[in-house]
Amino acid sequence: MNGTAPVHGTWEPRPAARWEDAFLSGNGHHGALVFGDPDDERVVVTHHTLVRPVGADEDRLPPRLADELPALQDRLLAGDASAAETFTDGRPLQWVRPFHPAFQVRLRRPEGIQDDTEAPSFHRRAVDFRTGVAEATRAGRTGRVFVSRADDVIVQYVTGPDLTLDIRLDHRLDGAPTGLGVGHGAVLTAEGALLSLRARYPDSGLAYTGVTLVAATGGVTTLAPPGVRVEGARSVLLLTRVRRHTGEADVVAEGRALRDLVDHGEHEDEAGAGPGSPAEAYDALLSRHLSLHRTAYERVTLDLAADPAERALPGSELLAGPRSAAGLERLFAAGRYHLLSSGGLFPPRLTGLWTGDWDTAWSGAFTNDANLNLQTASAAAAALPEVTEALASLVQRQLPDWRDNAREVFGARGVVAPAHSDGESGHAYHFNREYPLHLWTAGADWLLGPLVDHDDIRGEHDPRTTAVLAEVALFYEDFLTRTDDEGHLVVVPSYSPENRPANAGWGTVNAAMDLSAARHALRTAADRHPEHADRWRALADRLPPHRINADGALAEWARPDLTDAYDHRHLSHLYAVWPLHEITPYDTPDLAAAAHRALELRGSENDSAHGHLHHALIAARLRDAERVASALGSVLDGDFFHASLMSAHYPHRDVYNADAAHTLPAVLIEALVQSTPDRLVLLPAPPAEYPRGALHGVRTRFGAVLDLTWTQDGATAVLRPTRTVRIALRTSDGVEPLDLVAHEDRVLTLKAR
């Protein structure tokens with residue numbers, strides 16, 4: 001990892017002692033946490049579908065409250081500040097089904113087996129972000145693990161002289177329920193062996209089954225229940241998949257499918273092994289995987305002109321001084337790598353795609369009132385359509401449940417997204433008095449935002465997104481029926497996640513986020529549906545304006561009698577600034593000044609990573625480079641990152657959580673480049689601590705790929721447009737029109753400030 005180019009990977013001089021420090025690989029379906037010890041390798045297997053059944057299905061339906069809604073609206077509009085606190089069906093708080101690991105694949109050298117060539121200490125473990133391969137090496141033995149994006153299989157490959165290994169599938173992970181019904185299987189095959197582990201959830205007809213094919217080159221494979229022993233082999237290849245199911249899984253069919261992957265070899269390897277050998281199979285599997293993974297990962301890169309000596313350091317040493325350019329380069333690269341690796345079947349969960357513990361914090365859910373949205377913030381600009389498609393697929397699968405939410409809670413057509421989801425259900429059933437999340441109506445607009453951005457980048461509307469936008473608009477048509485004394489429509493009930501006014505209850509009236517989301521959704525839907533455009537735009541225009549409070553700050557609630565509560569981790573009320581462009585320093589300077597004042601007054605509450613980075617994203621839109629640096633610095637200096645370069649929710653690596661890891665690239669991109677369909681902003685909040693750098697491959701919403709380089713003397717931007725368009729170019733020198741012609745590169749030169 002020496003050299004002058006940024007490092008696209010990380011390494012450590014010892015194996016992981018905790019699962020949080022294990023290196024990660026994933027393909028958006030399966031995930032692997034790799035500890036990296038050739039003598040006792042542990043690879044924890046995860047899958048996005050693995051959520052533990054809790055309670056009956058009828059407990060996961062939205063509350064039927066529509067008939068009571070008019071009375072609640074009357075009370076709230078009359079000034080009853082606590083009216084919404086009893087607007088439930090009386091159920092206790094129910095978390096969504098918790099995400100959990102499957103099992104660990106254990107490769108252990110039996111006690112008493114010695115290797116005369118072995119060095120006395122561990123040498124190295126590493127993960128290459130360009131390939132997704134986690135590799136551990138000691139003396140002549142090497143173990144490699146990756147999760148194939150092409151073949152949806154976890155691939156492990158161990159090489160070395162005279163390998164002797166005990167191999168088994170082990171469900172005994174932290175927090176595994178004692179009532180888990182576990183059965184093991186092991187049979188010898190022509191390749192080596194086929195292992196299986198079936199785990200049935202307590203009091204449930206659901207189960208999951210993992211199947212591992214063991215293929216050895218040379219040596220002897222024998223049964224060693226619950227697994228096998230391989231003795232005297234030159235290499236061992238393991239292919240693993242896990243499935244969640246009802247009834248019984250067809251282990252024979254799964255084994256046959258894995259065997260087909262081994263039999264795909266077409267050429268002899270260097271050792272003279274024929275077609276279908278483990279070495280040939282590994283190379284073929286890796287080649288197919290790289291055609292998808294490497295292509296995606298390398299689309300965008302960040303170079304902060306770091307010291308080559310620092311770039312060569314292990315990740316844990318960089319984290320000890322995380323303000324270094326090399327440290328930030330590596331965190332940017334790791335963030336894109338982990339985001340790509342966790343996006344496929346679903347977008348990332350609170351923990352991405354990984355956990356080594358059954359007691360996952362906050363159920364390892366998709367949390368839609370901030371966390372998922374922050375984690376996917378860079379997907380469009382950072383050229384990860386794989387993640388955007390994963391988000392689109394999640395939305396599409398859950399639309400029937402979103403329609404139920406609109407109908408049962410609000411008596412309306414259209415859709416309402418839940419604040420929490422396990423991936424299976426899109427119903428709004430996670431709520432209580434202090435978190436009346438069933439009253440939150442802004443979620444669909446926020447979740448659709450990256451999909452709209454992606455359409456702008458492509459210059460083509462996805463018909464799925466266009467159709468959902470119409471359903472969001474239909475909801476607002478039915479829901480926005482109440483007016484105030486000035487004739488403005490009123491959002492009632494309204495909720496600002498996860499805060500409340502200092503002088504009122506949790507469910508209120510006219511939260512700033514709800515107003516912005518309604519306006520944006522109606523206008524965006526109108527742009528795509530000309531047959532309804534006049535009606536939906538007229539509805540949007542009747543919503544009340546934002547309010548500036550006595551402190552000169554954009555108020556979290558537009559109703560004048562509601563008092564702001566400033567010390568909170570969420571910044572929902574500044575949704576108009578980020579991710580929207582409703583409030584900008586260019587178009588609405590007075591509101592932008594009020595939003596900036598609101599940002600100044602906002603506390604960090606419990607010091608969560610997502611709060612700091614949300615703050616930084618908004619500051620970047622408001623061109624406040626010092627505030628971006630301060631918020632980013634709170635995360636970099638707060639010991640938020642594990643040696644895996646996955647992050648934690650709180651300082652001092654407390655609670656494994658992907659928010660910081662996945663959101664950090666978005667903060668850096670927003671500080672350097674911002675775009676709308678008709679605007680490009682260059683260096684809006686440049687990082688003073690990093691006076692030289694290059695950002696390559698950023699996608700803009702007017703259809704151009706952008707490369708930016710900057711020094712203390714100025715900057716150069718190269719635009720490669722895919723369509724002809726006129727935009728407004730904004731720099732520190734002001735604004736000017738810029739005409740771009742499809743497929744004609746344009747070079748822009750900026751002077752130093």
# chains A, B, ... in the order shown; residues from 1 in each chain; ligands from 1
$ residues_around --residues "Tyr495 of chain A" --least-positions-apart "5" --cutoff "6 Å" --atoms "only C-alpha atoms" --output "PyMOL selection string"
chain A and resi 440+507+511
$ write_last_selection --atoms "N, CA, C and O atoms" --output "PDB file, in the first residue's frame"
ATOM      1  N   TRP A 440     -46.024  10.634  11.321  1.00  0.00           N
ATOM      2  CA  TRP A 440     -45.021  11.289  10.480  1.00  0.00           C
ATOM      3  C   TRP A 440     -45.347  11.040   9.013  1.00  0.00           C
ATOM      4  O   TRP A 440     -45.440   9.894   8.570  1.00  0.00           O
ATOM      5  N   GLY A 507     -46.961  15.122  19.153  1.00  0.00           N
ATOM      6  CA  GLY A 507     -47.667  15.329  17.900  1.00  0.00           C
ATOM      7  C   GLY A 507     -48.266  16.724  17.878  1.00  0.00           C
ATOM      8  O   GLY A 507     -48.984  17.119  18.805  1.00  0.00           O
ATOM      9  N   ALA A 511     -45.076  21.057  11.410  1.00  0.00           N
ATOM     10  CA  ALA A 511     -43.624  20.891  11.525  1.00  0.00           C
ATOM     11  C   ALA A 511     -42.980  21.330  10.215  1.00  0.00           C
ATOM     12  O   ALA A 511     -43.478  21.046   9.127  1.00  0.00           O
TER      13      ALA A 511
END
$ residues_around --residues "Arg299 of chain A" --least-positions-apart "6" --cutoff "12 Å" --atoms "only C-alpha atoms" --output "PDB file with N, CA and C atoms, in the first residue's frame"
ATOM      1  N   ARG A 130     -11.047  -2.337  -3.708  1.00  0.00           N
ATOM      2  CA  ARG A 130     -11.279  -2.468  -5.154  1.00  0.00           C
ATOM      3  C   ARG A 130     -11.808  -3.845  -5.519  1.00  0.00           C
ATOM      4  N   LEU A 292     -18.165  -6.574 -11.789  1.00  0.00           N
ATOM      5  CA  LEU A 292     -19.244  -5.758 -11.215  1.00  0.00           C
ATOM      6  C   LEU A 292     -18.738  -4.876 -10.080  1.00  0.00           C
ATOM      7  N   HIS A 293     -18.011  -5.464  -9.147  1.00  0.00           N
ATOM      8  CA  HIS A 293     -17.612  -4.719  -7.945  1.00  0.00           C
ATOM      9  C   HIS A 293     -16.568  -3.649  -8.256  1.00  0.00           C
ATOM     10  N   ALA A 333     -12.755   6.270   1.172  1.00  0.00           N
ATOM     11  CA  ALA A 333     -12.743   5.051   0.361  1.00  0.00           C
ATOM     12  C   ALA A 333     -13.506   3.926   1.046  1.00  0.00           C
ATOM     13  N   ARG A 336     -17.367   4.454   0.806  1.00  0.00           N
ATOM     14  CA  ARG A 336     -17.944   4.047  -0.483  1.00  0.00           C
ATOM     15  C   ARG A 336     -17.937   2.520  -0.618  1.00  0.00           C
ATOM     16  N   TYR A 337     -16.859   1.884  -0.170  1.00  0.00           N
ATOM     17  CA  TYR A 337     -16.757   0.427  -0.262  1.00  0.00           C
ATOM     18  C   TYR A 337     -17.849  -0.250   0.561  1.00  0.00           C
ATOM     19  N   LEU A 340     -21.380   0.391  -0.999  1.00  0.00           N
ATOM     20  CA  LEU A 340     -21.589  -0.481  -2.146  1.00  0.00           C
ATOM     21  C   LEU A 340     -21.825  -1.917  -1.693  1.00  0.00           C
ATOM     22  N   ALA A 379     -25.168   8.345  -2.677  1.00  0.00           N
ATOM     23  CA  ALA A 379     -25.327   7.303  -3.695  1.00  0.00           C
ATOM     24  C   ALA A 379     -25.421   7.876  -5.097  1.00  0.00           C
ATOM     25  N   ALA A 380     -26.186   8.939  -5.287  1.00  0.00           N
ATOM     26  CA  ALA A 380     -26.355   9.498  -6.630  1.00  0.00           C
ATOM     27  C   ALA A 380     -25.084  10.206  -7.086  1.00  0.00           C
ATOM     28  N   ALA A 381     -24.596  11.154  -6.299  1.00  0.00           N
ATOM     29  CA  ALA A 381     -23.417  11.924  -6.709  1.00  0.00           C
ATOM     30  C   ALA A 381     -22.161  11.073  -6.763  1.00  0.00           C
ATOM     31  N   ALA A 382     -22.048  10.099  -5.879  1.00  0.00           N
ATOM     32  CA  ALA A 382     -20.853   9.255  -5.820  1.00  0.00           C
ATOM     33  C   ALA A 382     -20.957   8.035  -6.731  1.00  0.00           C
ATOM     34  N   ALA A 383     -21.908   8.081  -7.656  1.00  0.00           N
ATOM     35  CA  ALA A 383     -21.977   7.083  -8.741  1.00  0.00           C
ATOM     36  C   ALA A 383     -22.135   5.665  -8.228  1.00  0.00           C
ATOM     37  N   LEU A 384     -23.104   5.450  -7.345  1.00  0.00           N
ATOM     38  CA  LEU A 384     -23.434   4.109  -6.876  1.00  0.00           C
ATOM     39  C   LEU A 384     -24.904   3.812  -7.174  1.00  0.00           C
ATOM     40  N   PRO A 385     -25.243   3.677  -8.459  1.00  0.00           N
ATOM     41  CA  PRO A 385     -26.633   3.350  -8.790  1.00  0.00           C
ATOM     42  C   PRO A 385     -27.063   2.007  -8.219  1.00  0.00           C
ATOM     43  N   LEU A 695     -10.928  15.226  -6.652  1.00  0.00           N
ATOM     44  CA  LEU A 695     -12.138  14.413  -6.551  1.00  0.00           C
ATOM     45  C   LEU A 695     -12.553  14.057  -7.972  1.00  0.00           C
ATOM     46  N   HIS A 696     -12.557  12.785  -8.288  1.00  0.00           N
ATOM     47  CA  HIS A 696     -12.801  12.349  -9.663  1.00  0.00           C
ATOM     48  C   HIS A 696     -14.095  11.539  -9.754  1.00  0.00           C
ATOM     49  N   GLY A 697     -14.871  11.802 -10.806  1.00  0.00           N
ATOM     50  CA  GLY A 697     -15.994  10.941 -11.154  1.00  0.00           C
ATOM     51  C   GLY A 697     -17.337  11.319 -10.587  1.00  0.00           C
ATOM     52  N   VAL A 698     -17.456  12.472  -9.939  1.00  0.00           N
ATOM     53  CA  VAL A 698     -18.731  12.867  -9.341  1.00  0.00           C
ATOM     54  C   VAL A 698     -19.782  13.071 -10.428  1.00  0.00           C
ATOM     55  N   ARG A 699     -20.990  12.587 -10.173  1.00  0.00           N
ATOM     56  CA  ARG A 699     -22.109  12.774 -11.095  1.00  0.00           C
ATOM     57  C   ARG A 699     -22.910  14.002 -10.688  1.00  0.00           C
ATOM     58  N   VAL A 705     -20.332  14.266 -15.813  1.00  0.00           N
ATOM     59  CA  VAL A 705     -19.365  13.718 -14.867  1.00  0.00           C
ATOM     60  C   VAL A 705     -18.320  14.796 -14.616  1.00  0.00           C
ATOM     61  N   LEU A 706     -17.930  14.968 -13.361  1.00  0.00           N
ATOM     62  CA  LEU A 706     -17.058  16.075 -12.989  1.00  0.00           C
ATOM     63  C   LEU A 706     -15.810  15.568 -12.284  1.00  0.00           C
ATOM     64  N   ASP A 707     -14.663  16.084 -12.716  1.00  0.00           N
ATOM     65  CA  ASP A 707     -13.388  15.883 -12.025  1.00  0.00           C
ATOM     66  C   ASP A 707     -12.926  17.242 -11.507  1.00  0.00           C
TER      67      ASP A 707
END
$ residues_around --residues "Leu353 of chain A" --least-positions-apart "4" --cutoff "8 Å" --atoms "only C-alpha atoms" --output "number ranges by chain"
A: 26, 28-31, 46-48, 341-342, 348-349
$ write_last_selection --atoms "all heavy atoms" --output "mmCIF file, in the first residue's frame"
data_model
loop_
_atom_site.group_PDB
_atom_site.id
_atom_site.type_symbol
_atom_site.label_atom_id
_atom_site.label_comp_id
_atom_site.auth_asym_id
_atom_site.auth_seq_id
_atom_site.Cartn_x
_atom_site.Cartn_y
_atom_site.Cartn_z
ATOM 1 N N GLY A 26 -19.209 -7.872 1.231
ATOM 2 C CA GLY A 26 -20.636 -8.063 1.014
ATOM 3 C C GLY A 26 -21.029 -7.768 -0.412
ATOM 4 O O GLY A 26 -20.305 -7.089 -1.151
ATOM 5 N N GLY A 28 -24.552 -6.956 -0.968
ATOM 6 C CA GLY A 28 -25.901 -6.427 -0.852
ATOM 7 C C GLY A 28 -26.932 -7.480 -0.528
ATOM 8 O O GLY A 28 -28.098 -7.155 -0.278
ATOM 9 N N HIS A 29 -26.544 -8.747 -0.505
ATOM 10 C CA HIS A 29 -27.390 -9.863 -0.078
ATOM 11 C C HIS A 29 -26.721 -10.563 1.098
ATOM 12 O O HIS A 29 -27.187 -10.469 2.223
ATOM 13 C CB HIS A 29 -27.619 -10.849 -1.236
ATOM 14 C CG HIS A 29 -28.362 -10.284 -2.388
ATOM 15 N ND1 HIS A 29 -29.650 -10.665 -2.700
ATOM 16 C CD2 HIS A 29 -28.016 -9.371 -3.323
ATOM 17 C CE1 HIS A 29 -30.064 -10.007 -3.767
ATOM 18 N NE2 HIS A 29 -29.085 -9.217 -4.164
ATOM 19 N N HIS A 30 -25.608 -11.257 0.804
ATOM 20 C CA HIS A 30 -24.799 -11.885 1.840
ATOM 21 C C HIS A 30 -23.733 -10.904 2.339
ATOM 22 O O HIS A 30 -23.219 -10.082 1.574
ATOM 23 C CB HIS A 30 -24.075 -13.109 1.295
ATOM 24 C CG HIS A 30 -24.940 -14.310 1.099
ATOM 25 N ND1 HIS A 30 -25.623 -14.562 -0.073
ATOM 26 C CD2 HIS A 30 -25.229 -15.350 1.927
ATOM 27 C CE1 HIS A 30 -26.290 -15.695 0.039
ATOM 28 N NE2 HIS A 30 -26.066 -16.200 1.234
ATOM 29 N N GLY A 31 -23.391 -11.056 3.602
ATOM 30 C CA GLY A 31 -22.281 -10.312 4.177
ATOM 31 C C GLY A 31 -21.338 -11.250 4.900
ATOM 32 O O GLY A 31 -21.727 -12.350 5.311
ATOM 33 N N THR A 46 -23.763 -13.212 7.286
ATOM 34 C CA THR A 46 -25.020 -12.485 7.466
ATOM 35 C C THR A 46 -25.785 -12.477 6.144
ATOM 36 O O THR A 46 -25.243 -12.786 5.084
ATOM 37 C CB THR A 46 -24.778 -11.034 7.915
ATOM 38 O OG1 THR A 46 -24.068 -10.327 6.885
ATOM 39 C CG2 THR A 46 -23.980 -10.973 9.209
ATOM 40 N N HIS A 47 -27.050 -12.125 6.223
ATOM 41 C CA HIS A 47 -27.879 -11.975 5.022
ATOM 42 C C HIS A 47 -28.972 -10.965 5.349
ATOM 43 O O HIS A 47 -29.515 -10.959 6.454
ATOM 44 C CB HIS A 47 -28.494 -13.312 4.602
ATOM 45 C CG HIS A 47 -29.025 -13.311 3.207
ATOM 46 N ND1 HIS A 47 -30.248 -12.761 2.880
ATOM 47 C CD2 HIS A 47 -28.500 -13.776 2.042
ATOM 48 C CE1 HIS A 47 -30.450 -12.900 1.567
ATOM 49 N NE2 HIS A 47 -29.409 -13.514 1.042
ATOM 50 N N HIS A 48 -29.278 -10.094 4.368
ATOM 51 C CA HIS A 48 -30.253 -9.027 4.611
ATOM 52 C C HIS A 48 -31.618 -9.551 5.061
ATOM 53 O O HIS A 48 -32.373 -8.828 5.721
ATOM 54 C CB HIS A 48 -30.432 -8.193 3.344
ATOM 55 C CG HIS A 48 -29.729 -6.872 3.367
ATOM 56 N ND1 HIS A 48 -29.702 -6.050 4.483
ATOM 57 C CD2 HIS A 48 -29.037 -6.205 2.407
ATOM 58 C CE1 HIS A 48 -29.030 -4.943 4.198
ATOM 59 N NE2 HIS A 48 -28.607 -5.014 2.957
ATOM 60 N N SER A 341 -21.030 -2.390 -0.744
ATOM 61 C CA SER A 341 -21.085 -3.786 -0.321
ATOM 62 C C SER A 341 -22.372 -4.121 0.426
ATOM 63 O O SER A 341 -22.770 -5.288 0.470
ATOM 64 C CB SER A 341 -19.873 -4.113 0.562
ATOM 65 O OG SER A 341 -18.664 -3.888 -0.141
ATOM 66 N N SER A 342 -23.016 -3.130 1.005
ATOM 67 C CA SER A 342 -24.240 -3.396 1.768
ATOM 68 C C SER A 342 -25.505 -3.127 0.966
ATOM 69 O O SER A 342 -26.613 -3.364 1.456
ATOM 70 C CB SER A 342 -24.264 -2.548 3.051
ATOM 71 O OG SER A 342 -24.204 -1.166 2.747
ATOM 72 N N PRO A 348 -28.525 -0.139 2.880
ATOM 73 C CA PRO A 348 -27.931 -0.487 4.176
ATOM 74 C C PRO A 348 -28.889 -0.325 5.343
ATOM 75 O O PRO A 348 -29.720 0.582 5.378
ATOM 76 C CB PRO A 348 -26.755 0.487 4.299
ATOM 77 C CG PRO A 348 -27.114 1.632 3.412
ATOM 78 C CD PRO A 348 -27.861 1.029 2.270
ATOM 79 N N ARG A 349 -28.756 -1.228 6.292
ATOM 80 C CA ARG A 349 -29.454 -1.118 7.572
ATOM 81 C C ARG A 349 -28.670 -0.181 8.500
ATOM 82 O O ARG A 349 -27.633 0.369 8.116
ATOM 83 C CB ARG A 349 -29.553 -2.500 8.233
ATOM 84 C CG ARG A 349 -30.352 -3.512 7.447
ATOM 85 C CD ARG A 349 -30.281 -4.896 8.075
ATOM 86 N NE ARG A 349 -31.162 -5.820 7.369
ATOM 87 C CZ ARG A 349 -32.460 -5.952 7.636
ATOM 88 N NH1 ARG A 349 -32.999 -5.238 8.614
ATOM 89 N NH2 ARG A 349 -33.203 -6.786 6.957
#
$ residues_around --residues "Asn373 of chain A" --least-positions-apart "3" --cutoff "10 Å" --atoms "only C-alpha atoms" --output "list of chain:residue names"
A:Pro348, A:Phe366, A:Thr367, A:Asn368, A:Asp369, A:Ala370, A:Thr376, A:Ala377, A:Ser378, A:Leu391, A:Gly443, A:Trp446, A:Leu447, A:Leu448, A:Gly449, A:Pro450, A:Pro579, A:Asp659, A:Thr663
$ write_last_selection --atoms "N, CA and C atoms" --output "mmCIF file, in the first residue's frame"
data_model
loop_
_atom_site.group_PDB
_atom_site.id
_atom_site.type_symbol
_atom_site.label_atom_id
_atom_site.label_comp_id
_atom_site.auth_asym_id
_atom_site.auth_seq_id
_atom_site.Cartn_x
_atom_site.Cartn_y
_atom_site.Cartn_z
ATOM 1 N N PRO A 348 -28.525 -0.139 2.880
ATOM 2 C CA PRO A 348 -27.931 -0.487 4.176
ATOM 3 C C PRO A 348 -28.889 -0.325 5.343
ATOM 4 N N PHE A 366 -34.096 -0.536 9.195
ATOM 5 C CA PHE A 366 -34.025 0.588 8.269
ATOM 6 C C PHE A 366 -34.758 1.730 8.958
ATOM 7 N N THR A 367 -34.022 2.736 9.372
ATOM 8 C CA THR A 367 -34.613 3.858 10.101
ATOM 9 C C THR A 367 -34.711 5.035 9.145
ATOM 10 N N ASN A 368 -35.962 5.349 8.772
ATOM 11 C CA ASN A 368 -36.218 6.230 7.632
ATOM 12 C C ASN A 368 -36.364 7.700 7.998
ATOM 13 N N ASP A 369 -36.316 8.035 9.280
ATOM 14 C CA ASP A 369 -36.503 9.443 9.643
ATOM 15 C C ASP A 369 -35.177 10.183 9.768
ATOM 16 N N ALA A 370 -34.074 9.527 9.401
ATOM 17 C CA ALA A 370 -32.765 10.186 9.294
ATOM 18 C C ALA A 370 -31.707 9.229 8.787
ATOM 19 N N THR A 376 -27.478 6.915 2.548
ATOM 20 C CA THR A 376 -27.569 6.862 1.083
ATOM 21 C C THR A 376 -27.390 8.234 0.443
ATOM 22 N N ALA A 377 -26.951 9.221 1.232
ATOM 23 C CA ALA A 377 -26.871 10.604 0.743
ATOM 24 C C ALA A 377 -25.910 10.763 -0.420
ATOM 25 N N SER A 378 -24.877 9.939 -0.483
ATOM 26 C CA SER A 378 -23.884 10.093 -1.553
ATOM 27 C C SER A 378 -24.154 9.189 -2.744
ATOM 28 N N LEU A 391 -32.477 0.857 -2.920
ATOM 29 C CA LEU A 391 -33.484 1.685 -2.264
ATOM 30 C C LEU A 391 -34.794 1.658 -3.049
ATOM 31 N N GLY A 443 -41.912 10.891 5.273
ATOM 32 C CA GLY A 443 -40.963 9.835 4.953
ATOM 33 C C GLY A 443 -40.896 9.458 3.489
ATOM 34 N N TRP A 446 -38.741 11.894 1.514
ATOM 35 C CA TRP A 446 -37.308 11.772 1.797
ATOM 36 C C TRP A 446 -36.724 10.523 1.145
ATOM 37 N N LEU A 447 -37.439 9.405 1.220
ATOM 38 C CA LEU A 447 -36.927 8.178 0.634
ATOM 39 C C LEU A 447 -36.872 8.241 -0.893
ATOM 40 N N LEU A 448 -37.779 8.990 -1.488
ATOM 41 C CA LEU A 448 -37.786 9.110 -2.943
ATOM 42 C C LEU A 448 -36.740 10.110 -3.443
ATOM 43 N N GLY A 449 -36.213 10.951 -2.559
ATOM 44 C CA GLY A 449 -35.267 11.984 -2.974
ATOM 45 C C GLY A 449 -34.076 11.463 -3.755
ATOM 46 N N PRO A 450 -33.339 10.436 -3.255
ATOM 47 C CA PRO A 450 -32.199 9.925 -4.032
ATOM 48 C C PRO A 450 -32.606 9.342 -5.379
ATOM 49 N N PRO A 579 -31.954 17.560 2.532
ATOM 50 C CA PRO A 579 -31.460 17.288 1.186
ATOM 51 C C PRO A 579 -32.122 18.124 0.076
ATOM 52 N N ASP A 659 -23.855 4.681 10.243
ATOM 53 C CA ASP A 659 -24.184 6.060 9.872
ATOM 54 C C ASP A 659 -22.954 6.870 9.493
ATOM 55 N N THR A 663 -22.020 7.983 5.654
ATOM 56 C CA THR A 663 -22.387 9.378 5.414
ATOM 57 C C THR A 663 -21.170 10.252 5.155
#
$ atom_distance --atom1 "atom CA of Ala576 of chain A" --atom2 "atom CA of Asp445 of chain A"
11.9 Å
